[in-house]
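Novice: Pasting coords-v1.txt below, which is compact mmCIF, N, CA and C atoms.
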```txt
# COMPACT_ATOMS: atom_id res chain seq x y z
N MET X 1 15.74 -13.81 -10.41
CA MET X 1 14.85 -13.81 -9.26
C MET X 1 13.41 -13.69 -9.75
N ALA X 2 12.54 -14.51 -9.23
CA ALA X 2 11.14 -14.47 -9.61
C ALA X 2 10.45 -13.29 -8.94
N GLY X 3 9.46 -12.74 -9.62
CA GLY X 3 8.68 -11.64 -9.06
C GLY X 3 7.64 -12.17 -8.09
N ALA X 4 6.90 -11.26 -7.51
CA ALA X 4 5.83 -11.62 -6.58
C ALA X 4 4.74 -12.39 -7.35
N SER X 5 4.14 -13.38 -6.70
CA SER X 5 3.10 -14.15 -7.38
C SER X 5 1.69 -13.67 -7.07
N VAL X 6 1.53 -12.83 -6.06
CA VAL X 6 0.25 -12.20 -5.76
C VAL X 6 0.52 -10.70 -5.62
N VAL X 7 -0.19 -9.91 -6.41
CA VAL X 7 0.07 -8.47 -6.44
C VAL X 7 -1.25 -7.71 -6.29
N PRO X 8 -1.50 -7.10 -5.12
CA PRO X 8 -2.70 -6.27 -4.98
C PRO X 8 -2.66 -5.12 -5.99
N THR X 9 -3.83 -4.78 -6.51
CA THR X 9 -3.93 -3.71 -7.50
C THR X 9 -5.05 -2.77 -7.08
N LEU X 10 -4.73 -1.49 -6.93
CA LEU X 10 -5.68 -0.50 -6.43
C LEU X 10 -5.80 0.66 -7.41
N LEU X 11 -6.98 1.27 -7.43
CA LEU X 11 -7.19 2.47 -8.22
C LEU X 11 -7.50 3.63 -7.28
N TYR X 12 -6.97 4.81 -7.61
CA TYR X 12 -7.12 6.00 -6.78
C TYR X 12 -7.63 7.17 -7.60
N ALA X 13 -8.47 8.01 -6.99
CA ALA X 13 -8.89 9.26 -7.63
C ALA X 13 -7.66 10.16 -7.82
N ASP X 14 -6.74 10.15 -6.85
CA ASP X 14 -5.50 10.92 -6.95
C ASP X 14 -4.32 9.96 -6.75
N ALA X 15 -3.97 9.27 -7.81
CA ALA X 15 -2.92 8.25 -7.74
C ALA X 15 -1.56 8.86 -7.39
N LYS X 16 -1.31 10.08 -7.84
CA LYS X 16 -0.02 10.73 -7.51
C LYS X 16 0.11 10.95 -6.01
N ALA X 17 -0.97 11.39 -5.35
CA ALA X 17 -0.96 11.57 -3.90
C ALA X 17 -0.79 10.22 -3.20
N ALA X 18 -1.42 9.18 -3.73
CA ALA X 18 -1.28 7.85 -3.16
C ALA X 18 0.17 7.38 -3.23
N ILE X 19 0.81 7.60 -4.36
CA ILE X 19 2.21 7.21 -4.53
C ILE X 19 3.08 7.96 -3.52
N ARG X 20 2.85 9.26 -3.35
CA ARG X 20 3.62 10.04 -2.36
C ARG X 20 3.43 9.48 -0.96
N GLN X 21 2.18 9.20 -0.58
CA GLN X 21 1.93 8.70 0.77
C GLN X 21 2.55 7.32 0.97
N LEU X 22 2.41 6.45 0.00
CA LEU X 22 2.96 5.10 0.14
C LEU X 22 4.48 5.10 0.17
N THR X 23 5.12 5.98 -0.59
CA THR X 23 6.59 6.01 -0.58
C THR X 23 7.12 6.80 0.62
N GLU X 24 6.66 8.02 0.80
CA GLU X 24 7.18 8.87 1.87
C GLU X 24 6.71 8.43 3.25
N GLY X 25 5.44 8.08 3.38
CA GLY X 25 4.87 7.76 4.68
C GLY X 25 4.95 6.31 5.08
N LEU X 26 4.95 5.40 4.08
CA LEU X 26 4.86 3.98 4.43
C LEU X 26 6.01 3.15 3.87
N GLY X 27 7.03 3.79 3.35
CA GLY X 27 8.27 3.09 3.03
C GLY X 27 8.31 2.26 1.76
N PHE X 28 7.34 2.44 0.87
CA PHE X 28 7.41 1.74 -0.42
C PHE X 28 8.45 2.40 -1.30
N THR X 29 8.96 1.65 -2.28
CA THR X 29 9.91 2.16 -3.26
C THR X 29 9.23 2.19 -4.62
N GLU X 30 9.33 3.32 -5.29
CA GLU X 30 8.75 3.45 -6.62
C GLU X 30 9.57 2.63 -7.61
N VAL X 31 8.94 1.65 -8.25
CA VAL X 31 9.60 0.82 -9.26
C VAL X 31 9.36 1.43 -10.64
N SER X 32 8.10 1.76 -10.95
CA SER X 32 7.79 2.38 -12.23
C SER X 32 6.48 3.14 -12.12
N VAL X 33 6.40 4.24 -12.88
CA VAL X 33 5.18 5.03 -12.98
C VAL X 33 5.03 5.45 -14.43
N TYR X 34 3.89 5.11 -15.02
CA TYR X 34 3.61 5.48 -16.40
C TYR X 34 2.40 6.40 -16.40
N GLU X 35 2.61 7.61 -16.94
CA GLU X 35 1.54 8.60 -16.95
C GLU X 35 1.02 8.81 -18.36
N GLY X 36 -0.29 9.09 -18.45
CA GLY X 36 -0.89 9.45 -19.72
C GLY X 36 -0.57 10.90 -20.05
N GLU X 37 -0.91 11.31 -21.25
CA GLU X 37 -0.64 12.69 -21.67
C GLU X 37 -1.34 13.71 -20.78
N ASP X 38 -2.46 13.30 -20.17
CA ASP X 38 -3.21 14.22 -19.30
C ASP X 38 -2.73 14.20 -17.85
N GLY X 39 -1.66 13.43 -17.58
CA GLY X 39 -1.10 13.39 -16.23
C GLY X 39 -1.68 12.31 -15.34
N THR X 40 -2.67 11.55 -15.83
CA THR X 40 -3.19 10.45 -15.01
C THR X 40 -2.16 9.34 -14.94
N VAL X 41 -2.20 8.60 -13.84
CA VAL X 41 -1.27 7.48 -13.69
C VAL X 41 -1.92 6.27 -14.36
N GLU X 42 -1.35 5.88 -15.49
CA GLU X 42 -1.86 4.72 -16.23
C GLU X 42 -1.53 3.44 -15.49
N HIS X 43 -0.32 3.37 -14.94
CA HIS X 43 0.14 2.17 -14.24
C HIS X 43 1.33 2.55 -13.38
N ALA X 44 1.36 2.04 -12.16
CA ALA X 44 2.51 2.25 -11.28
C ALA X 44 2.76 0.96 -10.51
N GLU X 45 4.02 0.73 -10.21
CA GLU X 45 4.41 -0.41 -9.39
C GLU X 45 5.27 0.10 -8.25
N LEU X 46 4.90 -0.27 -7.02
CA LEU X 46 5.64 0.12 -5.83
C LEU X 46 6.04 -1.15 -5.10
N ALA X 47 7.27 -1.20 -4.65
CA ALA X 47 7.79 -2.40 -3.97
C ALA X 47 7.96 -2.15 -2.49
N HIS X 48 7.82 -3.24 -1.73
CA HIS X 48 8.12 -3.23 -0.29
C HIS X 48 8.65 -4.62 0.00
N GLY X 49 9.93 -4.72 0.36
CA GLY X 49 10.53 -6.04 0.52
C GLY X 49 10.48 -6.77 -0.80
N ASN X 50 10.00 -8.03 -0.78
CA ASN X 50 9.89 -8.76 -2.04
C ASN X 50 8.47 -8.73 -2.59
N GLY X 51 7.63 -7.83 -2.07
CA GLY X 51 6.26 -7.68 -2.54
C GLY X 51 6.08 -6.44 -3.39
N VAL X 52 5.02 -6.44 -4.15
CA VAL X 52 4.72 -5.33 -5.05
C VAL X 52 3.23 -5.02 -4.98
N VAL X 53 2.89 -3.75 -5.09
CA VAL X 53 1.50 -3.33 -5.27
C VAL X 53 1.47 -2.52 -6.57
N MET X 54 0.44 -2.75 -7.37
CA MET X 54 0.24 -1.96 -8.59
C MET X 54 -0.92 -1.01 -8.33
N LEU X 55 -0.84 0.17 -8.94
CA LEU X 55 -1.93 1.12 -8.79
C LEU X 55 -2.03 2.00 -10.01
N GLY X 56 -3.15 2.69 -10.11
CA GLY X 56 -3.37 3.61 -11.21
C GLY X 56 -4.48 4.58 -10.85
N SER X 57 -4.77 5.47 -11.79
CA SER X 57 -5.82 6.46 -11.61
C SER X 57 -7.17 5.87 -11.97
N LYS X 58 -8.18 6.24 -11.18
CA LYS X 58 -9.56 5.87 -11.51
C LYS X 58 -9.99 6.67 -12.75
N GLY X 59 -10.95 6.11 -13.48
CA GLY X 59 -11.54 6.84 -14.58
C GLY X 59 -10.77 6.82 -15.88
N ARG X 60 -9.81 5.92 -16.03
CA ARG X 60 -9.02 5.84 -17.26
C ARG X 60 -9.72 5.05 -18.34
N GLY X 61 -10.75 4.30 -17.98
CA GLY X 61 -11.40 3.42 -18.95
C GLY X 61 -10.74 2.06 -18.93
N GLY X 62 -11.24 1.16 -19.69
CA GLY X 62 -10.69 -0.19 -19.74
C GLY X 62 -11.47 -1.14 -18.85
N VAL X 63 -11.21 -2.41 -19.03
CA VAL X 63 -11.95 -3.45 -18.33
C VAL X 63 -11.76 -3.38 -16.82
N PHE X 64 -10.52 -3.26 -16.34
CA PHE X 64 -10.26 -3.23 -14.89
C PHE X 64 -10.91 -2.01 -14.25
N ASP X 65 -10.75 -0.85 -14.88
CA ASP X 65 -11.34 0.38 -14.34
C ASP X 65 -12.86 0.23 -14.25
N LYS X 66 -13.49 -0.32 -15.25
CA LYS X 66 -14.94 -0.51 -15.25
C LYS X 66 -15.34 -1.52 -14.17
N ALA X 67 -14.59 -2.62 -14.04
CA ALA X 67 -14.91 -3.64 -13.04
C ALA X 67 -14.77 -3.09 -11.62
N MET X 68 -13.86 -2.16 -11.40
CA MET X 68 -13.61 -1.60 -10.08
C MET X 68 -14.48 -0.39 -9.77
N GLU X 69 -15.26 0.05 -10.74
CA GLU X 69 -16.11 1.23 -10.56
C GLU X 69 -17.02 1.04 -9.35
N GLY X 70 -16.99 1.96 -8.44
CA GLY X 70 -17.83 1.88 -7.26
C GLY X 70 -17.34 0.92 -6.19
N ALA X 71 -16.18 0.29 -6.40
CA ALA X 71 -15.65 -0.64 -5.40
C ALA X 71 -15.28 0.11 -4.13
N GLY X 72 -15.45 -0.53 -3.01
CA GLY X 72 -15.08 0.07 -1.73
C GLY X 72 -13.59 -0.05 -1.49
N PRO X 73 -13.15 0.37 -0.31
CA PRO X 73 -11.72 0.28 0.00
C PRO X 73 -11.27 -1.17 0.12
N ALA X 74 -9.98 -1.37 -0.07
CA ALA X 74 -9.37 -2.70 0.04
C ALA X 74 -8.49 -2.73 1.28
N GLY X 75 -8.11 -3.92 1.69
CA GLY X 75 -7.17 -4.10 2.78
C GLY X 75 -5.95 -4.86 2.28
N VAL X 76 -4.76 -4.38 2.66
CA VAL X 76 -3.51 -5.01 2.24
C VAL X 76 -2.63 -5.19 3.47
N TYR X 77 -2.02 -6.39 3.61
CA TYR X 77 -1.10 -6.66 4.71
C TYR X 77 0.31 -6.69 4.15
N VAL X 78 1.23 -5.99 4.81
CA VAL X 78 2.62 -5.90 4.38
C VAL X 78 3.51 -6.34 5.52
N VAL X 79 4.42 -7.27 5.25
CA VAL X 79 5.35 -7.77 6.27
C VAL X 79 6.53 -6.81 6.39
N VAL X 80 6.82 -6.40 7.63
CA VAL X 80 7.97 -5.53 7.92
C VAL X 80 8.75 -6.12 9.09
N ASP X 81 10.04 -5.82 9.14
CA ASP X 81 10.89 -6.34 10.20
C ASP X 81 10.70 -5.59 11.52
N ASP X 82 10.66 -4.26 11.45
CA ASP X 82 10.59 -3.43 12.65
C ASP X 82 9.29 -2.63 12.64
N VAL X 83 8.27 -3.21 13.24
CA VAL X 83 6.93 -2.61 13.24
C VAL X 83 6.94 -1.24 13.89
N ASP X 84 7.63 -1.10 15.01
CA ASP X 84 7.60 0.17 15.75
C ASP X 84 8.28 1.29 14.98
N ALA X 85 9.41 1.00 14.33
CA ALA X 85 10.09 2.01 13.52
C ALA X 85 9.22 2.38 12.32
N HIS X 86 8.59 1.40 11.72
CA HIS X 86 7.72 1.66 10.57
C HIS X 86 6.55 2.55 10.99
N HIS X 87 5.97 2.25 12.15
CA HIS X 87 4.87 3.04 12.70
C HIS X 87 5.30 4.48 12.96
N ARG X 88 6.49 4.65 13.54
CA ARG X 88 6.99 6.01 13.81
C ARG X 88 7.07 6.83 12.52
N ARG X 89 7.56 6.22 11.45
CA ARG X 89 7.67 6.92 10.17
C ARG X 89 6.28 7.34 9.69
N ALA X 90 5.31 6.44 9.78
CA ALA X 90 3.94 6.76 9.34
C ALA X 90 3.38 7.93 10.13
N VAL X 91 3.57 7.91 11.45
CA VAL X 91 3.08 8.99 12.31
C VAL X 91 3.76 10.31 11.95
N GLU X 92 5.08 10.27 11.74
CA GLU X 92 5.82 11.49 11.38
C GLU X 92 5.32 12.08 10.07
N GLN X 93 4.85 11.23 9.16
CA GLN X 93 4.36 11.70 7.86
C GLN X 93 2.86 12.00 7.87
N GLY X 94 2.21 11.89 9.03
CA GLY X 94 0.82 12.26 9.16
C GLY X 94 -0.18 11.23 8.63
N VAL X 95 0.24 9.97 8.51
CA VAL X 95 -0.67 8.93 8.06
C VAL X 95 -1.67 8.62 9.17
N GLU X 96 -2.94 8.41 8.81
CA GLU X 96 -3.98 8.13 9.80
C GLU X 96 -3.79 6.72 10.36
N VAL X 97 -3.50 6.62 11.64
CA VAL X 97 -3.30 5.34 12.30
C VAL X 97 -4.63 4.88 12.90
N LEU X 98 -5.06 3.68 12.52
CA LEU X 98 -6.30 3.10 13.05
C LEU X 98 -6.04 2.27 14.30
N MET X 99 -4.87 1.63 14.34
CA MET X 99 -4.49 0.79 15.48
C MET X 99 -2.98 0.89 15.66
N PRO X 100 -2.51 1.31 16.84
CA PRO X 100 -1.07 1.39 17.07
C PRO X 100 -0.47 -0.02 17.15
N PRO X 101 0.86 -0.12 17.12
CA PRO X 101 1.50 -1.43 17.20
C PRO X 101 1.03 -2.21 18.42
N ALA X 102 0.72 -3.48 18.18
CA ALA X 102 0.25 -4.35 19.26
C ALA X 102 0.65 -5.78 18.96
N ASP X 103 0.95 -6.53 20.02
CA ASP X 103 1.25 -7.95 19.89
C ASP X 103 -0.07 -8.69 19.75
N GLN X 104 -0.14 -9.59 18.77
CA GLN X 104 -1.36 -10.33 18.48
C GLN X 104 -1.27 -11.76 19.02
N ALA X 105 -2.40 -12.37 19.28
CA ALA X 105 -2.46 -13.74 19.82
C ALA X 105 -1.83 -14.75 18.87
N TYR X 106 -1.82 -14.46 17.57
CA TYR X 106 -1.27 -15.40 16.59
C TYR X 106 0.23 -15.22 16.38
N GLY X 107 0.87 -14.41 17.23
CA GLY X 107 2.31 -14.31 17.22
C GLY X 107 2.88 -13.13 16.45
N SER X 108 2.07 -12.31 15.88
CA SER X 108 2.54 -11.17 15.11
C SER X 108 2.52 -9.90 15.97
N ARG X 109 3.31 -8.94 15.56
CA ARG X 109 3.19 -7.57 16.09
C ARG X 109 2.84 -6.74 14.88
N ASP X 110 1.74 -6.01 14.93
CA ASP X 110 1.36 -5.23 13.78
C ASP X 110 0.59 -3.97 14.15
N TYR X 111 0.39 -3.13 13.15
CA TYR X 111 -0.41 -1.92 13.31
C TYR X 111 -1.17 -1.67 12.01
N MET X 112 -2.13 -0.75 12.06
CA MET X 112 -3.02 -0.55 10.92
C MET X 112 -3.20 0.94 10.65
N VAL X 113 -3.21 1.29 9.35
CA VAL X 113 -3.43 2.68 8.92
C VAL X 113 -4.50 2.72 7.83
N ARG X 114 -4.99 3.94 7.58
CA ARG X 114 -5.90 4.16 6.45
C ARG X 114 -5.23 5.16 5.53
N ASP X 115 -5.22 4.87 4.22
CA ASP X 115 -4.60 5.81 3.28
C ASP X 115 -5.57 6.94 2.95
N LEU X 116 -5.12 7.84 2.10
CA LEU X 116 -5.89 9.05 1.79
C LEU X 116 -7.26 8.76 1.17
N GLU X 117 -7.42 7.57 0.58
CA GLU X 117 -8.69 7.25 -0.08
C GLU X 117 -9.43 6.08 0.57
N GLY X 118 -9.06 5.77 1.82
CA GLY X 118 -9.83 4.82 2.60
C GLY X 118 -9.36 3.38 2.61
N ASN X 119 -8.33 3.05 1.84
CA ASN X 119 -7.80 1.68 1.89
C ASN X 119 -7.10 1.45 3.22
N VAL X 120 -7.21 0.24 3.74
CA VAL X 120 -6.62 -0.10 5.03
C VAL X 120 -5.36 -0.93 4.81
N TRP X 121 -4.27 -0.45 5.37
CA TRP X 121 -2.97 -1.11 5.24
C TRP X 121 -2.53 -1.58 6.61
N SER X 122 -2.20 -2.85 6.74
CA SER X 122 -1.65 -3.39 7.98
C SER X 122 -0.19 -3.71 7.74
N PHE X 123 0.64 -3.40 8.72
CA PHE X 123 2.08 -3.67 8.65
C PHE X 123 2.44 -4.48 9.87
N GLY X 124 3.09 -5.63 9.67
CA GLY X 124 3.42 -6.46 10.81
C GLY X 124 4.45 -7.52 10.51
N THR X 125 4.70 -8.32 11.52
CA THR X 125 5.75 -9.35 11.43
C THR X 125 5.24 -10.71 10.97
N TYR X 126 3.93 -10.87 10.84
CA TYR X 126 3.38 -12.15 10.43
C TYR X 126 3.69 -12.40 8.96
N ALA X 127 4.37 -13.48 8.68
CA ALA X 127 4.73 -13.82 7.30
C ALA X 127 4.25 -15.24 7.01
N PRO X 128 3.10 -15.37 6.36
CA PRO X 128 2.58 -16.70 6.08
C PRO X 128 3.56 -17.54 5.26
N GLU X 129 3.67 -18.80 5.60
CA GLU X 129 4.52 -19.72 4.84
C GLU X 129 3.74 -20.21 3.64
N VAL X 130 4.40 -20.23 2.50
CA VAL X 130 3.75 -20.72 1.28
C VAL X 130 4.60 -21.83 0.68
N GLY X 131 3.96 -22.78 0.07
CA GLY X 131 4.66 -23.87 -0.58
C GLY X 131 5.22 -23.44 -1.90
N GLY X 132 6.19 -24.18 -2.41
CA GLY X 132 6.85 -23.88 -3.68
C GLY X 132 5.97 -24.22 -4.80
```
Produce structure tokens that represent the structure in this file.
Specialist:
Amino acid sequence: MAGASVVPTLLYADAKAAIRQLTEGLGFTEVSVYEGEDGTVEHAELAHGNGVVMLGSKGRGGVFDKAMEGAGPAGVYVVVDDVDAHHRRAVEQGVEVLMPPADQAYGSRDYMVRDLEGNVWSFGTYAPEVGG
């Protein structure tokens, strides 16, 4: 099976807290987490459906960390089957909801949250078709 061909990559001041929120509150599955000797997250991969997001700790050094220095929050859209059940889980886990589930003019039902460090995550039924 081929992996995802587009993978959002985010850096967090507290990557361990981000991993907890994304797994416990937003239903991601931890695929791998590699920590440095000082406990920073060097690299992590979290899956949701057939998609993956990579993340790590800010301030580790390296080209990507330097390029992302001072970057603002990012937005990520994740396709889910049951938007309302997914939303309930997020609310139960105390995730900040920016927009409750709503039917959109383009045919999707989705909702929006903000993670602990300001990134905006949308979860909905819209699944863009892509060519092979």
Novice: Could you check how far atom CA of X:Ala102 sits from atom N of X:Asp84, in Å to one decimal?
Specialist: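 These atoms are spaced 9.1 Å apart.
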Novice: Give me, as CSV, each residue of stretch 61-100 of chain X that comes within 8 Å of stretch 35-53 of chain X, together with its shortest interatomic pair and the distance in Å at one decimal, counting only N, CA and C atoms, with rows ordered by chain and rising residue number.
Specialist:
```
residue,atom,partner,partner_atom,distance
X:Val78,CA,X:His48,C,7.6
X:Val79,C,X:His48,C,7.1
X:Val80,CA,X:Gly49,CA,7.8
```
Novice: List every protein, DNA or RNA residue that has at least one atom no more than 6 Å from (-2.3, -3.5, 0.7) in the file's coordinates, counting all atoms listed in the file, and write the result as number ranges by chain.
Specialist: X: 75-78, 120-121
Novice: Name the closest residue to X:Gly124 among the candidates X:Val83, X:Val31, X:Ala15, X:Met54; distances are taken between atoms, counting all atoms listed in the file.
Specialist: X:Val83
Novice: Could you state the separation of atom C of X:Gln21 and atom CA of X:Asp115 in Å, given to one decimal place?
Specialist: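 So the answer is 7.7 Å.
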Novice: Could you tell me how far atom CA of X:Ser122 sits from atom CA of X:Ala67, in Å to one decimal place?
Specialist: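 The value is 24.9 Å.
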Novice: Name the residues within 12 Å of (-9.2, 6.8, -9.0), counting only C-alpha atoms in the file's coordinates, and put them as an MDAnalysis selection string.
Specialist: chainID X and resid 9:18 40:43 55:61 64:66 68:73 116:118
Novice: Could you write out that same residue set with N, CA and C atoms as a short mmCIF file (atom, residue, chain, number, x, y, z; two decimals), in the frame of the given file?
Specialist:
```cif
data_model
loop_
_atom_site.label_atom_id
_atom_site.label_comp_id
_atom_site.auth_asym_id
_atom_site.auth_seq_id
_atom_site.Cartn_x
_atom_site.Cartn_y
_atom_site.Cartn_z
N THR X 9 -3.83 -4.78 -6.51
CA THR X 9 -3.93 -3.71 -7.50
C THR X 9 -5.05 -2.77 -7.08
N LEU X 10 -4.73 -1.49 -6.93
CA LEU X 10 -5.68 -0.50 -6.43
C LEU X 10 -5.80 0.66 -7.41
N LEU X 11 -6.98 1.27 -7.43
CA LEU X 11 -7.19 2.47 -8.22
C LEU X 11 -7.50 3.63 -7.28
N TYR X 12 -6.97 4.81 -7.61
CA TYR X 12 -7.12 6.00 -6.78
C TYR X 12 -7.63 7.17 -7.60
N ALA X 13 -8.47 8.01 -6.99
CA ALA X 13 -8.89 9.26 -7.63
C ALA X 13 -7.66 10.16 -7.82
N ASP X 14 -6.74 10.15 -6.85
CA ASP X 14 -5.50 10.92 -6.95
C ASP X 14 -4.32 9.96 -6.75
N ALA X 15 -3.97 9.27 -7.81
CA ALA X 15 -2.92 8.25 -7.74
C ALA X 15 -1.56 8.86 -7.39
N LYS X 16 -1.31 10.08 -7.84
CA LYS X 16 -0.02 10.73 -7.51
C LYS X 16 0.11 10.95 -6.01
N ALA X 17 -0.97 11.39 -5.35
CA ALA X 17 -0.96 11.57 -3.90
C ALA X 17 -0.79 10.22 -3.20
N ALA X 18 -1.42 9.18 -3.73
CA ALA X 18 -1.28 7.85 -3.16
C ALA X 18 0.17 7.38 -3.23
N THR X 40 -2.67 11.55 -15.83
CA THR X 40 -3.19 10.45 -15.01
C THR X 40 -2.16 9.34 -14.94
N VAL X 41 -2.20 8.60 -13.84
CA VAL X 41 -1.27 7.48 -13.69
C VAL X 41 -1.92 6.27 -14.36
N GLU X 42 -1.35 5.88 -15.49
CA GLU X 42 -1.86 4.72 -16.23
C GLU X 42 -1.53 3.44 -15.49
N HIS X 43 -0.32 3.37 -14.94
CA HIS X 43 0.14 2.17 -14.24
C HIS X 43 1.33 2.55 -13.38
N LEU X 55 -0.84 0.17 -8.94
CA LEU X 55 -1.93 1.12 -8.79
C LEU X 55 -2.03 2.00 -10.01
N GLY X 56 -3.15 2.69 -10.11
CA GLY X 56 -3.37 3.61 -11.21
C GLY X 56 -4.48 4.58 -10.85
N SER X 57 -4.77 5.47 -11.79
CA SER X 57 -5.82 6.46 -11.61
C SER X 57 -7.17 5.87 -11.97
N LYS X 58 -8.18 6.24 -11.18
CA LYS X 58 -9.56 5.87 -11.51
C LYS X 58 -9.99 6.67 -12.75
N GLY X 59 -10.95 6.11 -13.48
CA GLY X 59 -11.54 6.84 -14.58
C GLY X 59 -10.77 6.82 -15.88
N ARG X 60 -9.81 5.92 -16.03
CA ARG X 60 -9.02 5.84 -17.26
C ARG X 60 -9.72 5.05 -18.34
N GLY X 61 -10.75 4.30 -17.98
CA GLY X 61 -11.40 3.42 -18.95
C GLY X 61 -10.74 2.06 -18.93
N PHE X 64 -10.52 -3.26 -16.34
CA PHE X 64 -10.26 -3.23 -14.89
C PHE X 64 -10.91 -2.01 -14.25
N ASP X 65 -10.75 -0.85 -14.88
CA ASP X 65 -11.34 0.38 -14.34
C ASP X 65 -12.86 0.23 -14.25
N LYS X 66 -13.49 -0.32 -15.25
CA LYS X 66 -14.94 -0.51 -15.25
C LYS X 66 -15.34 -1.52 -14.17
N MET X 68 -13.86 -2.16 -11.40
CA MET X 68 -13.61 -1.60 -10.08
C MET X 68 -14.48 -0.39 -9.77
N GLU X 69 -15.26 0.05 -10.74
CA GLU X 69 -16.11 1.23 -10.56
C GLU X 69 -17.02 1.04 -9.35
N GLY X 70 -16.99 1.96 -8.44
CA GLY X 70 -17.83 1.88 -7.26
C GLY X 70 -17.34 0.92 -6.19
N ALA X 71 -16.18 0.29 -6.40
CA ALA X 71 -15.65 -0.64 -5.40
C ALA X 71 -15.28 0.11 -4.13
N GLY X 72 -15.45 -0.53 -3.01
CA GLY X 72 -15.08 0.07 -1.73
C GLY X 72 -13.59 -0.05 -1.49
N PRO X 73 -13.15 0.37 -0.31
CA PRO X 73 -11.72 0.28 0.00
C PRO X 73 -11.27 -1.17 0.12
N LEU X 116 -5.12 7.84 2.10
CA LEU X 116 -5.89 9.05 1.79
C LEU X 116 -7.26 8.76 1.17
N GLU X 117 -7.42 7.57 0.58
CA GLU X 117 -8.69 7.25 -0.08
C GLU X 117 -9.43 6.08 0.57
N GLY X 118 -9.06 5.77 1.82
CA GLY X 118 -9.83 4.82 2.60
C GLY X 118 -9.36 3.38 2.61
#
```
Novice: So for stretch 73-82 of chain X, what box centre and size do we get, axis-aligned, 8 Å extra on each of the six sides, every listed atom, Å to one decimal, as lines of an AutoDock Vina configuration file?
Specialist:
```
center_x = -1.1
center_y = -3.7
center_z = 6.2
size_x = 40.0
size_y = 24.1
size_z = 29.0
```
Novice: Could you give me the residues within chain X that DSSP places in strand (DSSP E), as a PyMOL selection string?
Specialist: chain X and resi 9-12+29-35+41-48+51-57+75-79+96-103+109-114+120-124
Novice: Go through X:Leu26, X:Ala127, X:Leu98, X:Val6 and flag the residue nearest X:His86, using all atoms listed in the file for the distances.
Specialist: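 Residue with the minimum atom-to-atom distance to X:His86: X:Leu26.
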Novice: Quick one: of X:Ala4, X:Val113, X:Val33, X:Ala74, who's nearest to X:Pro100, counting only C-alpha atoms?
Specialist: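 Among X:Ala4, X:Val113, X:Val33, X:Ala74, it is X:Val113 that comes nearest to X:Pro100.
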Novice: Which one of X:Pro8, X:Asp81, X:Val91, X:Phe123 sits closest to X:Tyr111 if you count only N, CA and C atoms?
Specialist: X:Phe123
Novice: Out of chain X, which residues get helix (DSSP H, G or I) from DSSP, as a PyMOL selection string?
Specialist: chain X and resi 15-25+63-68+83-92
Novice: Closest to X:Ala85 among X:Gln104, X:Asp110, X:Pro128, X:Gly62, using only C-alpha atoms?
Specialist: X:Asp110
Novice: Would you list the contacts of stretch 22-25 of chain X as a list in words, taking every protein, DNA or RNA residue within 6 Å and counting all atoms listed in the file, but skipping same-chain residues closer than 6 positions in sequence?
Specialist: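 Those residues are Arg89, Ala90 and Gln93 of chain X.
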